[in-house]
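Following: one structure in structure tokens, then a few remarks.
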Amino acid sequence: MNHERSRALYDRALSVMPGGVNSSVRATIPYPVFIERGEGGHVIDADGNRYVDWVMGYGPLLYGHDVPESVTAAIQSAAADGPMYGAPTEVEVEHAEFLARHVPSVEQVRFVNSGTEATVSAVRLARGYTGRDKVVIMQGGYHGAQESTLVEGDADDPSPSTAGVPEEFAKHTLPVPFNDPEAAREVFEEHGEDIAAVLVEPILANMGIVMPVDGYHETLRELCDEHGSLLVFDEVITGFRVGGLSCAQGKFGVTPDVTTFGKIVGGGFPVGAIGGRAEIIESFTPSGDVFQAGTFSGHPVTMAAGKAYLEYAAEHDVYEHVNDLGRRLRKGITEICADQAPSYTVVGTDSLFKTIFTREGPARSDLGECCTAGCRQDPDCPRYEYCPKTGADVARAGTDRWERVFRQEMKERGILLTGNQFESQFVSYAHTDEDVEETLEAYKHAL
Ligand SMILES: *Cc1c(COP(=O)(O)O)cnc(C)c1O
């Protein structure tokens with residue numbers, strides 16, 4: 001495979017953009033492939049190479065690169081009417097109504113322009129609403145590029161995870177391990193009265209995909225209720241991908257106070273949203289006193305695309321299709337791993353999938369009754385003890401081999417995976433049986 005043009009473009013990019021990219025994760029090694037165009041479940045790069053694309057924009061592209069006719073029509077019509085106004089439009093009301101109708105916890109919505117902006121606003125909202133400063137986050141959780149959550153360490157000793165965040169800010173953030181109810185109880189025992197919110201991805205989906213163990217979210221729900229803190233589900237990635245139109249909260253049957261959305265909700269355009277009970281969301285200005293604003297918020301083209309996107313999913317077998325292909329990918333990769341790399345863990349649910357290069361596991365002969373289509377955190381599974389429960393468990397896996405050897409090999413075989421072991425991969429409605437077969441064949445060679 002020839003990558004000459006991508007390499008030349010990256011060389012130019014390095015002169016005018018830091019690291020040659022506009023979002024860090026895109027700077028894949030040795031250099032990224034520059035995309036020329038998409039076609040269904042495939043992308044074609046600047047050198048004319050075609051790949052089966054499981055990156056799917058890192059989540060938003062539920063339909064792949066060719067959107068349904070109704071979505072194209074909605075986008076073109078909104079753009080032709082004029083890009084934006086700085087005044088409300090009917091389509092944002094309709095899109096908000098759709099979210100309120102389908103997502104269990106949502107009565108009101110504020111639309112913004114990115115997932116990051118949604119979590120920034122949700123944290124400010126929780127602090128304003130409760131009059132408290134501290135937020136609990138999960139180690140290995142991701143909530144975008146924002147000050148309150150770019151924090152590592154533990155609740156006793158939090159510190160910024162990046163340059164540019166003051167130590168003083170990090171003190172207001174309390175990181176705890178995911179899937180550890182005891183650690184959550186302890187942090188509430190010590191800081192309960194100061195905790196504005198617990199911010200959690202229902203599934204860690206930017207850290208190899210880690211499913212919650214039974215009862216974990218219920219414990220967080222109870223602790224928040226007991227202490228008057230808000231439970232905030234960050235569904236930027238899981239929203240309208242896991243659990244269909246009711247999102248991960250519908251799948252798990254746990255109702256958060258506030259939910260953040262992004263990715264799919266904008267139909268491929270920049271978007272974020274904060275939803276929840278009216279009484280809480282109304283704390284935003286102008287109805288309340290928590291300042292929130294944005295020139296582009298509720299952008300007519302984004303709203304038209306997002307609304308048409310979700311309406312199409314409500315009327316077609318979209319989730320059946322993507323979830324079925326997701327299951328077949330996970331099952332197929334599980335079988336290949338059992339044969340070639342029994343210590344590896346296949347993870348994911350619905351239309352998410354990933355292979356974590358965990359370093360230890362039961363002997364091949366003991367693999368009998370494992371979860372067959374991705375880790376379910378089933379205590380009866382012989383792998384239960386070995387399957388990652390926290391972000392730290394994922395970080396201990398063979399990250400370098402994943403990124404430097406395996407991903408490269410897959411790429412050369414025409415299969416484009418996300419840039420590192422931590423980012424999820426996504427099935428779209430445009431992917432086909434052949435894409436799955438071709439991908440499994442490549443796994444056989446590359447694993
Ligand atoms: C992608 C993501 C974000 C950040 O969204 P951006 O649109 O990239 O700012 C926040 N939270 C989660 C869970 C995400 O997956």
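By convention here, the chains of the structure tokens are called A, B, ... in the order presented, each chain's residues are numbered starting at 1, and ligands are numbered starting at 1 in the order presented.
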Mind listing the residues within 6 Å of ligand 1, only C-alpha atoms and all ligand atoms counted, as a PDB file with C-alpha atoms, in the first residue's frame?
```pdb
ATOM      1  CA  SER A 114     -19.322  19.738  21.342  1.00  0.00           C
ATOM      2  CA  GLY A 115     -19.233  16.975  23.907  1.00  0.00           C
ATOM      3  CA  THR A 116     -16.603  18.956  25.770  1.00  0.00           C
ATOM      4  CA  TYR A 142     -13.116  10.731  29.500  1.00  0.00           C
ATOM      5  CA  HIS A 143     -15.257  13.840  29.431  1.00  0.00           C
ATOM      6  CA  GLY A 144     -13.540  15.883  26.756  1.00  0.00           C
ATOM      7  CA  GLU A 201     -19.658   7.261  31.422  1.00  0.00           C
ATOM      8  CA  ASP A 234     -21.828  11.269  30.159  1.00  0.00           C
ATOM      9  CA  GLU A 235     -23.553   9.629  27.194  1.00  0.00           C
ATOM     10  CA  VAL A 236     -21.603  11.532  24.552  1.00  0.00           C
ATOM     11  CA  ILE A 237     -20.470   8.209  23.088  1.00  0.00           C
ATOM     12  CA  GLY A 262     -22.719  14.720  21.662  1.00  0.00           C
TER      13      GLY A 262
END
```
Taking only C-alpha atoms into account, produce a table as CSV in which each residue of segment 266-376 of chain A with an atom at most 7 Å from an atom of segment 85-108 of chain A appears once, together with its shortest atom pair and the distance in Å to one decimal, ordered by chain and rising number.
```
residue,atom,partner,partner_atom,distance
A:Gly275,CA,A:Val106,CA,5.3
A:Gly276,CA,A:Val106,CA,4.2
A:Arg277,CA,A:Glu107,CA,5.1
A:Ala278,CA,A:Gln108,CA,5.3
A:Ile281,CA,A:Gln108,CA,6.3
A:Thr295,CA,A:Gly86,CA,6.6
A:Gly298,CA,A:Glu92,CA,6.0
A:Pro300,CA,A:Val91,CA,6.9
A:Met303,CA,A:Glu92,CA,5.7
A:Ala304,CA,A:Val91,CA,6.2
A:Lys307,CA,A:His95,CA,5.2
```
Those in segment 172-365 of chain A with strand (DSSP E or B) from DSSP, as number ranges by chain = A: 173-177, 195-200, 204, 210, 230-234, 258-261, 272-276, 284, 290, 345-347, 352-356
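The environment of segment 398-411 of chain A within 6 Å, counting only C-alpha atoms and disregarding residues fewer than 4 places along the same chain, consists of Phe357, Ile415, Leu416, Asn420, Gln421 and Ala446 of chain A.
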Once DSSP has gone over the backbone, tell me which residues of segment 166-264 of chain A are in alpha helix (DSSP H), as a PyMOL selection string.
-> chain A and resi 167-170+181-191+216-227+247-252
Have a look at A:Ile203, A:Ile333, A:Ala293, A:Val271 and name the one nearest to Gly140 of chain A; count only C-alpha atoms.
->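 Of A:Ile203, A:Ile333, A:Ala293, A:Val271, the one nearest Gly140 of chain A, counting only C-alpha atoms, is A:Ile203.
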Per-residue nearest contacts segment 231-273 of chain A to segment 122-125 of chain A, cut-off 9 Å, using only C-alpha atoms, as JSON lines:
```
{"residue": "A:Val232", "atom": "CA", "partner": "A:Ala122", "partner_atom": "CA", "distance": 7.8}
{"residue": "A:Val258", "atom": "CA", "partner": "A:Ala122", "partner_atom": "CA", "distance": 7.5}
{"residue": "A:Thr259", "atom": "CA", "partner": "A:Ala122", "partner_atom": "CA", "distance": 8.1}
{"residue": "A:Thr260", "atom": "CA", "partner": "A:Ala122", "partner_atom": "CA", "distance": 7.2}
```
Give me a file of those residues, with C-alpha atoms, as a tab-separated table (two decimals), in the first residue's frame.
```
chain	number	residue	atom	x	y	z
A	232	VAL	CA	-24.41	12.88	35.65
A	258	VAL	CA	-28.35	15.02	34.13
A	259	THR	CA	-27.13	13.50	30.85
A	260	THR	CA	-24.57	14.90	28.45
```
Would you kindly return, as a list of chain:residue names, each protein, DNA or RNA residue with an atom no farther than 6 Å from any atom of Gly306 of chain A, considering only C-alpha atoms and excluding same-chain residues fewer than 4 positions away?
->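 The residues satisfying every condition are A:Val265, A:Gly266, A:Gly267, A:Thr302.
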Writer output for current selection, all heavy atoms, as an mmCIF file, in the first residue's frame:
```cif
data_model
loop_
_atom_site.group_PDB
_atom_site.id
_atom_site.type_symbol
_atom_site.label_atom_id
_atom_site.label_comp_id
_atom_site.auth_asym_id
_atom_site.auth_seq_id
_atom_site.Cartn_x
_atom_site.Cartn_y
_atom_site.Cartn_z
ATOM 1 N N VAL A 265 -25.890 12.752 18.130
ATOM 2 C CA VAL A 265 -27.009 13.696 18.248
ATOM 3 C C VAL A 265 -26.940 14.836 17.219
ATOM 4 O O VAL A 265 -27.932 15.526 16.972
ATOM 5 C CB VAL A 265 -27.043 14.230 19.705
ATOM 6 C CG1 VAL A 265 -28.018 15.358 19.881
ATOM 7 C CG2 VAL A 265 -27.395 13.090 20.649
ATOM 8 N N GLY A 266 -25.759 15.052 16.612
ATOM 9 C CA GLY A 266 -25.617 16.119 15.621
ATOM 10 C C GLY A 266 -25.609 15.615 14.189
ATOM 11 O O GLY A 266 -25.339 16.391 13.265
ATOM 12 N N GLY A 267 -25.881 14.323 13.991
ATOM 13 C CA GLY A 267 -25.963 13.801 12.626
ATOM 14 C C GLY A 267 -24.710 14.051 11.804
ATOM 15 O O GLY A 267 -24.772 14.257 10.600
ATOM 16 N N THR A 302 -26.971 21.682 12.028
ATOM 17 C CA THR A 302 -26.742 20.570 12.950
ATOM 18 C C THR A 302 -28.067 20.002 13.462
ATOM 19 O O THR A 302 -28.254 18.784 13.513
ATOM 20 C CB THR A 302 -25.919 21.050 14.163
ATOM 21 O OG1 THR A 302 -24.684 21.578 13.698
ATOM 22 C CG2 THR A 302 -25.650 19.922 15.126
#
```
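Distance check against Ala73 of chain A using only C-alpha atoms: of A:Trp54, A:Phe353, A:Tyr443, A:Tyr309, the minimum falls on A:Tyr309.
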Atom CA of Pro177 of chain A and atom CA of Thr390 of chain A, how far apart in Å?
->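 A separation of 6.1 Å between them.
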Go through segment 46-95 of chain A and flag each residue having an atom no more than 7 Å from segment 16-40 of chain A; for those, report the closest pair of atoms plus their distance in Å to one decimal, using only C-alpha atoms, ordered by chain and rising number, as CSV.
```
residue,atom,partner,partner_atom,distance
A:Ala46,CA,A:Glu36,CA,5.2
A:Gly64,CA,A:Gly40,CA,5.3
A:His65,CA,A:Gly40,CA,4.8
A:Asp66,CA,A:Gly40,CA,5.1
```
Two-atom distance - atom CA of Pro388 of chain A, atom CA of Ser246 of chain A (Å) |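 Distance reported for this atom pair: 26.3 Å.
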Report as JSON lines: every residue of segment 6-89 of chain A with an atom at most 10 Å from segment 425-435 of chain A, its closest pair of atoms, and their distance in Å to one decimal, counting only C-alpha atoms, with rows sorted by chain and ascending residue number.
```
{"residue": "A:Glu39", "atom": "CA", "partner": "A:Ala430", "partner_atom": "CA", "distance": 8.8}
{"residue": "A:Gly40", "atom": "CA", "partner": "A:Ala430", "partner_atom": "CA", "distance": 5.0}
{"residue": "A:Gly41", "atom": "CA", "partner": "A:His431", "partner_atom": "CA", "distance": 4.7}
{"residue": "A:His42", "atom": "CA", "partner": "A:His431", "partner_atom": "CA", "distance": 8.1}
{"residue": "A:Tyr51", "atom": "CA", "partner": "A:Asp435", "partner_atom": "CA", "distance": 9.7}
{"residue": "A:Val52", "atom": "CA", "partner": "A:Asp435", "partner_atom": "CA", "distance": 6.5}
{"residue": "A:Asp53", "atom": "CA", "partner": "A:Phe426", "partner_atom": "CA", "distance": 8.7}
{"residue": "A:Trp54", "atom": "CA", "partner": "A:Phe426", "partner_atom": "CA", "distance": 5.3}
{"residue": "A:Val55", "atom": "CA", "partner": "A:Gln425", "partner_atom": "CA", "distance": 5.6}
{"residue": "A:Met56", "atom": "CA", "partner": "A:Phe426", "partner_atom": "CA", "distance": 6.1}
{"residue": "A:Gly57", "atom": "CA", "partner": "A:Phe426", "partner_atom": "CA", "distance": 8.9}
{"residue": "A:Tyr58", "atom": "CA", "partner": "A:Gln425", "partner_atom": "CA", "distance": 7.2}
{"residue": "A:Gly59", "atom": "CA", "partner": "A:Phe426", "partner_atom": "CA", "distance": 6.3}
{"residue": "A:Pro60", "atom": "CA", "partner": "A:Phe426", "partner_atom": "CA", "distance": 9.1}
{"residue": "A:Leu61", "atom": "CA", "partner": "A:Ser428", "partner_atom": "CA", "distance": 6.7}
{"residue": "A:Leu62", "atom": "CA", "partner": "A:Ser428", "partner_atom": "CA", "distance": 4.8}
{"residue": "A:Tyr63", "atom": "CA", "partner": "A:Tyr429", "partner_atom": "CA", "distance": 4.7}
{"residue": "A:Gly64", "atom": "CA", "partner": "A:Ser428", "partner_atom": "CA", "distance": 5.2}
{"residue": "A:His65", "atom": "CA", "partner": "A:Ala430", "partner_atom": "CA", "distance": 7.7}
{"residue": "A:Asp66", "atom": "CA", "partner": "A:Ala430", "partner_atom": "CA", "distance": 7.6}
{"residue": "A:Val67", "atom": "CA", "partner": "A:Ala430", "partner_atom": "CA", "distance": 8.8}
{"residue": "A:Pro68", "atom": "CA", "partner": "A:Ala430", "partner_atom": "CA", "distance": 10.0}
```
Between A:Ile280, A:Val135, A:Ala13, A:Leu417, which has the minimum distance to Phe169 of chain A (counting only C-alpha atoms)?
->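 Looking only at the distances to Phe169 of chain A, the closest residue turns out to be A:Val135.
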Using atom CA of Ala145 of chain A and atom CA of Glu282 of chain A as the two end points, give the distance in Å to one decimal.
->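 These two atoms are separated by 25.1 Å.
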Using only C-alpha atoms, tabulate the residues of segment 265-346 of chain A lying at most 10 Å from any atom of segment 380-386 of chain A, each with its closest atom pair and that distance in Å to one decimal, by chain and increasing residue number, as a tab-separated table.
```
residue	atom	partner	partner_atom	distance
A:Ser343	CA	A:Tyr386	CA	8.5
A:Tyr344	CA	A:Tyr386	CA	9.5
A:Thr345	CA	A:Tyr386	CA	8.5
```
Restricting it to C-alpha atoms, dump the selection as an mmCIF file, in the first residue's frame.
```cif
data_model
loop_
_atom_site.group_PDB
_atom_site.id
_atom_site.type_symbol
_atom_site.label_atom_id
_atom_site.label_comp_id
_atom_site.auth_asym_id
_atom_site.auth_seq_id
_atom_site.Cartn_x
_atom_site.Cartn_y
_atom_site.Cartn_z
ATOM 1 C CA SER A 343 -5.063 -13.934 27.075
ATOM 2 C CA TYR A 344 -6.689 -11.136 25.039
ATOM 3 C CA THR A 345 -10.103 -9.758 26.015
#
```
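Shortest atom-to-atom contact with Ala373 of chain A among A:Val151, A:Ala197, A:Leu325, A:Ala79: A:Leu325, counting only C-alpha atoms.
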Nearest to Cys387 of chain A by atom-to-atom distance, counting only C-alpha atoms, from A:His316, A:His227, A:Arg359, A:Lys263 =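 Closest to Cys387 of chain A, using only C-alpha atoms: A:Arg359.
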If you count only C-alpha atoms, which residues fall within 12 Å of Val213 of chain A, apart from same-chain ones fewer than 6 positions away, as a PyMOL selection string?
-> chain A and resi 178-181+202-204+219+252+375-379+384-385+387-390
The selected residues should be written to file as a short mmCIF file (atom, residue, chain, number, x, y, z; two decimals), in the first residue's frame (atoms: C-alpha atoms).
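Okay, this is what ended up in result35.cif:
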```cif
data_model
loop_
_atom_site.label_atom_id
_atom_site.label_comp_id
_atom_site.auth_asym_id
_atom_site.auth_seq_id
_atom_site.Cartn_x
_atom_site.Cartn_y
_atom_site.Cartn_z
CA PHE A 178 -14.62 2.56 38.01
CA ASN A 179 -16.55 -0.53 39.15
CA ASP A 180 -15.45 -0.12 42.78
CA PRO A 181 -18.52 0.54 44.96
CA PRO A 202 -22.22 4.44 31.77
CA ILE A 203 -19.62 2.31 29.97
CA LEU A 204 -15.97 3.41 29.91
CA THR A 219 -24.72 2.19 44.02
CA PHE A 252 -29.15 -0.34 32.38
CA CYS A 375 -16.95 -9.24 28.09
CA ARG A 376 -20.18 -8.95 30.11
CA GLN A 377 -18.54 -8.83 33.56
CA ASP A 378 -20.29 -12.12 34.27
CA PRO A 379 -19.01 -13.44 37.64
CA TYR A 384 -14.02 -12.85 35.13
CA GLU A 385 -10.97 -12.18 37.31
CA CYS A 387 -11.18 -9.07 32.35
CA PRO A 388 -10.50 -5.35 32.88
CA LYS A 389 -12.70 -3.69 35.51
CA THR A 390 -11.00 -0.30 35.63
#
```
